Amino acid sequence: MQNDCTCRRSTYMQFGRLITRFMDLITNGSMYFDPQLHSLSYIRGRSSYLLATILAIASTYMTLNPSRQIHDNLFLHVSRLENEVLKNNNRSIEIVQAYLLLASWSDIPTVLSRDKTWTYISRAIGLAVELRLDSPLPYCVQTDPIYCQTTHEVLVRNAHRVCYLLFIHDRVGLQDNR
């Protein structure tokens with residue numbers, strides 16, 4: 001029992017380091033996440049799909065993760081979670097964020113027809129429309145369990161940030177005739 005607990009703590013610390021490095025190095029300067037909101041515990045409690053996506057993308061970089069086996073296993077897990085999300089028709093801001101990350105930082109396919117970038121963008125836009133993330137106070141923010149007067153601004157800003165990122169991807173797609 002002691003070894004199992006120690007192993008879990010070690011894995012959690014390793015994931016924490018991967019996420020910290022991901023936030024510092026990979027998304028540094030980008031608008032994907034709010035440092036006031038997106039901590040390991042927040043992401044872990046909100047969406048296993050977003051957490052697995054962040055870890056999979058962070059594990060792509062050899063300086064952060066020298067093990068190709070961990071990387072392959074994480075992307076396999078992301079793929080399984082993606083199928084669950086689609087099958088269960090799950091909807092959340094975190095799922096939209098995971099799609100945006102996958103669209104921006106997925107592995108380059110060996111065959112161009114296997115590129116899922118615009119599939120992820122399309123799914124993200126569809127979810128954002130369903131969640132009405134463009135409204136002044138999205139319903140999904142109002143019904144969020146942590147929503148209160150003190151978290152209002154951060155949660156609304158998070159929803160609007162996702163909309164802006166989708167807008168940017170959509171404009172780039174229009175320029176590329178996608």
# chains A, B, ... in the order shown; residues from 1 in each chain; ligands from 1

$ residues_around --residues "Ser106 in chain A" --least-positions-apart "4" --cutoff "10 Å" --atoms "only C-alpha atoms" --output "ChimeraX atom specification"
/A:53,56-57,60,75,99-102,115-117

$ closest_atom_pairs --of "range 61-157 of chain A" --to "range 13-22 of chain A" --cutoff "12 Å" --atoms "only C-alpha atoms" --output "tab-separated table"
residue	atom	partner	partner_atom	distance
A:Tyr61	CA	A:Phe22	CA	9.6
A:Met62	CA	A:Leu18	CA	11.5
A:Thr63	CA	A:Arg21	CA	9.9
A:Leu64	CA	A:Leu18	CA	6.7
A:Asn65	CA	A:Leu18	CA	7.9
A:Pro66	CA	A:Leu18	CA	11.7
A:Ile70	CA	A:Phe15	CA	11.3
A:His71	CA	A:Leu18	CA	11.7
A:Leu74	CA	A:Phe15	CA	11.4
A:Leu101	CA	A:Phe22	CA	11.5
A:Trp105	CA	A:Phe22	CA	11.7

$ closest_residue --among "A:Leu37, A:Val85, A:Leu76, A:Leu127" --to "Val156 in chain A" --atoms "only C-alpha atoms"
A:Leu37

$ atom_distance --atom1 "CA of Arg80 in chain A" --atom2 "CA of Ser48 in chain A"
11.3 Å

$ atom_distance --atom1 "CA of Val96 in chain A" --atom2 "CA of Ser59 in chain A"
20.6 Å

$ select_by_dssp --residues "range 66-175 of chain A" --states "alpha helix (DSSP H)" --output "PyMOL selection string"
chain A and resi 68-88+93-105+117-131+139-142+152-175

$ write_last_selection --atoms "C-alpha atoms" --output "PDB file, in the first residue's frame"
ATOM      1  CA  ARG A  68       8.657   8.146 -26.369  1.00  0.00           C
ATOM      2  CA  GLN A  69       6.645   5.364 -24.656  1.00  0.00           C
ATOM      3  CA  ILE A  70       4.935   7.837 -22.297  1.00  0.00           C
ATOM      4  CA  HIS A  71       4.174  10.103 -25.239  1.00  0.00           C
ATOM      5  CA  ASP A  72       2.611   7.276 -27.284  1.00  0.00           C
ATOM      6  CA  ASN A  73       0.560   6.051 -24.316  1.00  0.00           C
ATOM      7  CA  LEU A  74      -0.715   9.554 -23.554  1.00  0.00           C
ATOM      8  CA  PHE A  75      -1.840  10.144 -27.151  1.00  0.00           C
ATOM      9  CA  LEU A  76      -3.551   6.748 -27.163  1.00  0.00           C
ATOM     10  CA  HIS A  77      -5.335   7.762 -23.950  1.00  0.00           C
ATOM     11  CA  VAL A  78      -6.329  11.119 -25.507  1.00  0.00           C
ATOM     12  CA  SER A  79      -7.776   9.243 -28.471  1.00  0.00           C
ATOM     13  CA  ARG A  80      -9.825   6.978 -26.179  1.00  0.00           C
ATOM     14  CA  LEU A  81     -11.070   9.972 -24.186  1.00  0.00           C
ATOM     15  CA  GLU A  82     -11.966  11.789 -27.412  1.00  0.00           C
ATOM     16  CA  ASN A  83     -14.119   8.835 -28.433  1.00  0.00           C
ATOM     17  CA  GLU A  84     -15.820   8.907 -25.016  1.00  0.00           C
ATOM     18  CA  VAL A  85     -16.457  12.651 -25.316  1.00  0.00           C
ATOM     19  CA  LEU A  86     -18.060  12.160 -28.725  1.00  0.00           C
ATOM     20  CA  LYS A  87     -20.024   9.072 -27.698  1.00  0.00           C
ATOM     21  CA  ASN A  88     -21.408  10.688 -24.537  1.00  0.00           C
ATOM     22  CA  ILE A  93     -15.285  24.920 -22.264  1.00  0.00           C
ATOM     23  CA  GLU A  94     -12.463  22.546 -21.357  1.00  0.00           C
ATOM     24  CA  ILE A  95     -13.368  20.210 -24.225  1.00  0.00           C
ATOM     25  CA  VAL A  96     -13.262  23.168 -26.617  1.00  0.00           C
ATOM     26  CA  GLN A  97      -9.838  24.082 -25.213  1.00  0.00           C
ATOM     27  CA  ALA A  98      -8.608  20.513 -25.703  1.00  0.00           C
ATOM     28  CA  TYR A  99      -9.758  20.592 -29.339  1.00  0.00           C
ATOM     29  CA  LEU A 100      -7.921  23.893 -29.846  1.00  0.00           C
ATOM     30  CA  LEU A 101      -4.734  22.435 -28.395  1.00  0.00           C
ATOM     31  CA  LEU A 102      -5.005  19.333 -30.560  1.00  0.00           C
ATOM     32  CA  ALA A 103      -5.572  21.486 -33.625  1.00  0.00           C
ATOM     33  CA  SER A 104      -2.486  23.559 -32.847  1.00  0.00           C
ATOM     34  CA  TRP A 105      -0.019  21.001 -31.492  1.00  0.00           C
ATOM     35  CA  THR A 117      -6.610  19.948 -37.574  1.00  0.00           C
ATOM     36  CA  TRP A 118      -9.770  21.233 -39.225  1.00  0.00           C
ATOM     37  CA  THR A 119     -11.853  18.439 -37.712  1.00  0.00           C
ATOM     38  CA  TYR A 120     -10.817  19.682 -34.270  1.00  0.00           C
ATOM     39  CA  ILE A 121     -11.498  23.302 -35.216  1.00  0.00           C
ATOM     40  CA  SER A 122     -14.919  22.358 -36.578  1.00  0.00           C
ATOM     41  CA  ARG A 123     -15.826  20.441 -33.407  1.00  0.00           C
ATOM     42  CA  ALA A 124     -14.579  23.298 -31.225  1.00  0.00           C
ATOM     43  CA  ILE A 125     -16.627  25.876 -33.126  1.00  0.00           C
ATOM     44  CA  GLY A 126     -19.725  23.690 -32.958  1.00  0.00           C
ATOM     45  CA  LEU A 127     -19.365  23.260 -29.200  1.00  0.00           C
ATOM     46  CA  ALA A 128     -18.696  26.950 -28.661  1.00  0.00           C
ATOM     47  CA  VAL A 129     -21.900  27.813 -30.540  1.00  0.00           C
ATOM     48  CA  GLU A 130     -23.882  25.276 -28.505  1.00  0.00           C
ATOM     49  CA  LEU A 131     -22.418  26.622 -25.262  1.00  0.00           C
ATOM     50  CA  TYR A 139     -24.978  29.923 -19.455  1.00  0.00           C
ATOM     51  CA  CYS A 140     -22.223  27.363 -18.851  1.00  0.00           C
ATOM     52  CA  VAL A 141     -20.371  30.007 -16.824  1.00  0.00           C
ATOM     53  CA  GLN A 142     -23.477  30.935 -14.811  1.00  0.00           C
ATOM     54  CA  HIS A 152     -17.125  35.968 -12.338  1.00  0.00           C
ATOM     55  CA  GLU A 153     -14.514  37.965 -14.253  1.00  0.00           C
ATOM     56  CA  VAL A 154     -12.019  35.100 -14.618  1.00  0.00           C
ATOM     57  CA  LEU A 155     -14.638  32.591 -15.811  1.00  0.00           C
ATOM     58  CA  VAL A 156     -16.221  34.985 -18.313  1.00  0.00           C
ATOM     59  CA  ARG A 157     -12.786  35.994 -19.580  1.00  0.00           C
ATOM     60  CA  ASN A 158     -11.929  32.302 -20.031  1.00  0.00           C
ATOM     61  CA  ALA A 159     -15.061  31.732 -22.146  1.00  0.00           C
ATOM     62  CA  HIS A 160     -14.407  34.821 -24.261  1.00  0.00           C
ATOM     63  CA  ARG A 161     -10.737  33.875 -24.681  1.00  0.00           C
ATOM     64  CA  VAL A 162     -11.854  30.588 -26.223  1.00  0.00           C
ATOM     65  CA  CYS A 163     -14.127  32.491 -28.626  1.00  0.00           C
ATOM     66  CA  TYR A 164     -11.301  34.765 -29.717  1.00  0.00           C
ATOM     67  CA  LEU A 165      -9.020  31.799 -30.352  1.00  0.00           C
ATOM     68  CA  LEU A 166     -11.727  30.124 -32.414  1.00  0.00           C
ATOM     69  CA  PHE A 167     -12.206  33.329 -34.379  1.00  0.00           C
ATOM     70  CA  ILE A 168      -8.480  33.426 -35.159  1.00  0.00           C
ATOM     71  CA  HIS A 169      -8.470  29.797 -36.298  1.00  0.00           C
ATOM     72  CA  ASP A 170     -11.582  30.399 -38.383  1.00  0.00           C
ATOM     73  CA  ARG A 171     -10.013  33.418 -40.129  1.00  0.00           C
ATOM     74  CA  VAL A 172      -6.842  31.473 -40.853  1.00  0.00           C
ATOM     75  CA  GLY A 173      -9.007  28.705 -42.293  1.00  0.00           C
ATOM     76  CA  LEU A 174     -10.815  31.129 -44.546  1.00  0.00           C
ATOM     77  CA  GLN A 175      -7.498  32.433 -45.854  1.00  0.00           C
TER      78      GLN A 175
END

$ closest_residue --among "A:Ser92, A:Ala52, A:Met31, A:Ser47" --to "Thr143 in chain A" --atoms "only C-alpha atoms"
A:Ser92

$ closest_residue --among "A:Leu137, A:Ile43, A:Ala58, A:Leu51" --to "Asp24 in chain A" --atoms "only C-alpha atoms"
A:Ala58

$ decode --residues "range 48-73 of chain A" --atoms "N, CA, C and O atoms" --output "PDB file, in the first residue's frame"
ATOM      1  N   SER A  48     -10.697  15.445 -17.569  1.00  0.00           N
ATOM      2  CA  SER A  48      -9.602  14.497 -17.796  1.00  0.00           C
ATOM      3  C   SER A  48      -9.143  14.560 -19.247  1.00  0.00           C
ATOM      4  O   SER A  48      -7.979  14.298 -19.553  1.00  0.00           O
ATOM      5  N   TYR A  49     -10.041  14.935 -20.153  1.00  0.00           N
ATOM      6  CA  TYR A  49      -9.691  15.057 -21.565  1.00  0.00           C
ATOM      7  C   TYR A  49      -8.698  16.208 -21.775  1.00  0.00           C
ATOM      8  O   TYR A  49      -7.686  16.042 -22.447  1.00  0.00           O
ATOM      9  N   LEU A  50      -8.950  17.356 -21.176  1.00  0.00           N
ATOM     10  CA  LEU A  50      -8.027  18.487 -21.294  1.00  0.00           C
ATOM     11  C   LEU A  50      -6.701  18.162 -20.617  1.00  0.00           C
ATOM     12  O   LEU A  50      -5.632  18.446 -21.157  1.00  0.00           O
ATOM     13  N   LEU A  51      -6.756  17.548 -19.450  1.00  0.00           N
ATOM     14  CA  LEU A  51      -5.534  17.181 -18.738  1.00  0.00           C
ATOM     15  C   LEU A  51      -4.679  16.230 -19.580  1.00  0.00           C
ATOM     16  O   LEU A  51      -3.480  16.448 -19.760  1.00  0.00           O
ATOM     17  N   ALA A  52      -5.301  15.192 -20.115  1.00  0.00           N
ATOM     18  CA  ALA A  52      -4.561  14.228 -20.933  1.00  0.00           C
ATOM     19  C   ALA A  52      -4.009  14.883 -22.193  1.00  0.00           C
ATOM     20  O   ALA A  52      -2.890  14.574 -22.624  1.00  0.00           O
ATOM     21  N   THR A  53      -4.763  15.800 -22.779  1.00  0.00           N
ATOM     22  CA  THR A  53      -4.298  16.508 -23.979  1.00  0.00           C
ATOM     23  C   THR A  53      -3.070  17.353 -23.669  1.00  0.00           C
ATOM     24  O   THR A  53      -2.087  17.328 -24.417  1.00  0.00           O
ATOM     25  N   ILE A  54      -3.105  18.090 -22.583  1.00  0.00           N
ATOM     26  CA  ILE A  54      -1.957  18.916 -22.187  1.00  0.00           C
ATOM     27  C   ILE A  54      -0.732  18.036 -21.936  1.00  0.00           C
ATOM     28  O   ILE A  54       0.365  18.327 -22.411  1.00  0.00           O
ATOM     29  N   LEU A  55      -0.932  16.944 -21.200  1.00  0.00           N
ATOM     30  CA  LEU A  55       0.191  16.057 -20.897  1.00  0.00           C
ATOM     31  C   LEU A  55       0.747  15.414 -22.168  1.00  0.00           C
ATOM     32  O   LEU A  55       1.968  15.295 -22.329  1.00  0.00           O
ATOM     33  N   ALA A  56      -0.138  15.022 -23.079  1.00  0.00           N
ATOM     34  CA  ALA A  56       0.306  14.400 -24.335  1.00  0.00           C
ATOM     35  C   ALA A  56       1.119  15.388 -25.172  1.00  0.00           C
ATOM     36  O   ALA A  56       2.164  15.028 -25.732  1.00  0.00           O
ATOM     37  N   ILE A  57       0.649  16.611 -25.252  1.00  0.00           N
ATOM     38  CA  ILE A  57       1.367  17.620 -26.047  1.00  0.00           C
ATOM     39  C   ILE A  57       2.698  17.969 -25.377  1.00  0.00           C
ATOM     40  O   ILE A  57       3.726  18.076 -26.046  1.00  0.00           O
ATOM     41  N   ALA A  58       2.701  18.110 -24.069  1.00  0.00           N
ATOM     42  CA  ALA A  58       3.948  18.410 -23.359  1.00  0.00           C
ATOM     43  C   ALA A  58       4.946  17.269 -23.518  1.00  0.00           C
ATOM     44  O   ALA A  58       6.147  17.508 -23.644  1.00  0.00           O
ATOM     45  N   SER A  59       4.447  16.035 -23.563  1.00  0.00           N
ATOM     46  CA  SER A  59       5.339  14.884 -23.683  1.00  0.00           C
ATOM     47  C   SER A  59       5.956  14.760 -25.074  1.00  0.00           C
ATOM     48  O   SER A  59       6.868  13.971 -25.286  1.00  0.00           O
ATOM     49  N   THR A  60       5.468  15.557 -26.027  1.00  0.00           N
ATOM     50  CA  THR A  60       6.027  15.557 -27.377  1.00  0.00           C
ATOM     51  C   THR A  60       7.455  16.075 -27.377  1.00  0.00           C
ATOM     52  O   THR A  60       8.277  15.649 -28.182  1.00  0.00           O
ATOM     53  N   TYR A  61       7.764  16.985 -26.487  1.00  0.00           N
ATOM     54  CA  TYR A  61       9.056  17.654 -26.469  1.00  0.00           C
ATOM     55  C   TYR A  61      10.067  16.868 -25.649  1.00  0.00           C
ATOM     56  O   TYR A  61       9.864  16.633 -24.463  1.00  0.00           O
ATOM     57  N   MET A  62      11.135  16.466 -26.294  1.00  0.00           N
ATOM     58  CA  MET A  62      12.148  15.610 -25.675  1.00  0.00           C
ATOM     59  C   MET A  62      12.770  16.252 -24.440  1.00  0.00           C
ATOM     60  O   MET A  62      13.154  15.549 -23.520  1.00  0.00           O
ATOM     61  N   THR A  63      12.877  17.558 -24.412  1.00  0.00           N
ATOM     62  CA  THR A  63      13.478  18.209 -23.247  1.00  0.00           C
ATOM     63  C   THR A  63      12.571  18.092 -22.026  1.00  0.00           C
ATOM     64  O   THR A  63      13.054  18.133 -20.902  1.00  0.00           O
ATOM     65  N   LEU A  64      11.272  17.949 -22.250  1.00  0.00           N
ATOM     66  CA  LEU A  64      10.333  17.805 -21.140  1.00  0.00           C
ATOM     67  C   LEU A  64      10.110  16.346 -20.778  1.00  0.00           C
ATOM     68  O   LEU A  64       9.814  16.014 -19.638  1.00  0.00           O
ATOM     69  N   ASN A  65      10.192  15.477 -21.778  1.00  0.00           N
ATOM     70  CA  ASN A  65       9.902  14.066 -21.566  1.00  0.00           C
ATOM     71  C   ASN A  65      10.748  13.228 -22.520  1.00  0.00           C
ATOM     72  O   ASN A  65      10.418  13.109 -23.685  1.00  0.00           O
ATOM     73  N   PRO A  66      11.820  12.627 -22.044  1.00  0.00           N
ATOM     74  CA  PRO A  66      12.689  11.856 -22.940  1.00  0.00           C
ATOM     75  C   PRO A  66      12.107  10.498 -23.352  1.00  0.00           C
ATOM     76  O   PRO A  66      12.641   9.835 -24.212  1.00  0.00           O
ATOM     77  N   SER A  67      10.979  10.092 -22.776  1.00  0.00           N
ATOM     78  CA  SER A  67      10.418   8.771 -23.051  1.00  0.00           C
ATOM     79  C   SER A  67       9.348   8.822 -24.138  1.00  0.00           C
ATOM     80  O   SER A  67       8.270   9.381 -23.934  1.00  0.00           O
ATOM     81  N   ARG A  68       9.636   8.215 -25.272  1.00  0.00           N
ATOM     82  CA  ARG A  68       8.657   8.146 -26.369  1.00  0.00           C
ATOM     83  C   ARG A  68       7.476   7.251 -25.968  1.00  0.00           C
ATOM     84  O   ARG A  68       6.355   7.452 -26.436  1.00  0.00           O
ATOM     85  N   GLN A  69       7.702   6.274 -25.098  1.00  0.00           N
ATOM     86  CA  GLN A  69       6.645   5.364 -24.656  1.00  0.00           C
ATOM     87  C   GLN A  69       5.542   6.131 -23.912  1.00  0.00           C
ATOM     88  O   GLN A  69       4.358   5.912 -24.146  1.00  0.00           O
ATOM     89  N   ILE A  70       5.927   7.031 -23.028  1.00  0.00           N
ATOM     90  CA  ILE A  70       4.935   7.837 -22.297  1.00  0.00           C
ATOM     91  C   ILE A  70       4.138   8.683 -23.276  1.00  0.00           C
ATOM     92  O   ILE A  70       2.914   8.772 -23.188  1.00  0.00           O
ATOM     93  N   HIS A  71       4.835   9.275 -24.228  1.00  0.00           N
ATOM     94  CA  HIS A  71       4.174  10.103 -25.239  1.00  0.00           C
ATOM     95  C   HIS A  71       3.133   9.286 -26.018  1.00  0.00           C
ATOM     96  O   HIS A  71       1.987   9.709 -26.171  1.00  0.00           O
ATOM     97  N   ASP A  72       3.531   8.121 -26.508  1.00  0.00           N
ATOM     98  CA  ASP A  72       2.611   7.276 -27.284  1.00  0.00           C
ATOM     99  C   ASP A  72       1.412   6.837 -26.447  1.00  0.00           C
ATOM    100  O   ASP A  72       0.272   6.852 -26.921  1.00  0.00           O
ATOM    101  N   ASN A  73       1.658   6.467 -25.196  1.00  0.00           N
ATOM    102  CA  ASN A  73       0.560   6.051 -24.316  1.00  0.00           C
ATOM    103  C   ASN A  73      -0.399   7.203 -24.021  1.00  0.00           C
ATOM    104  O   ASN A  73      -1.614   7.008 -23.963  1.00  0.00           O
TER     105      ASN A  73
END
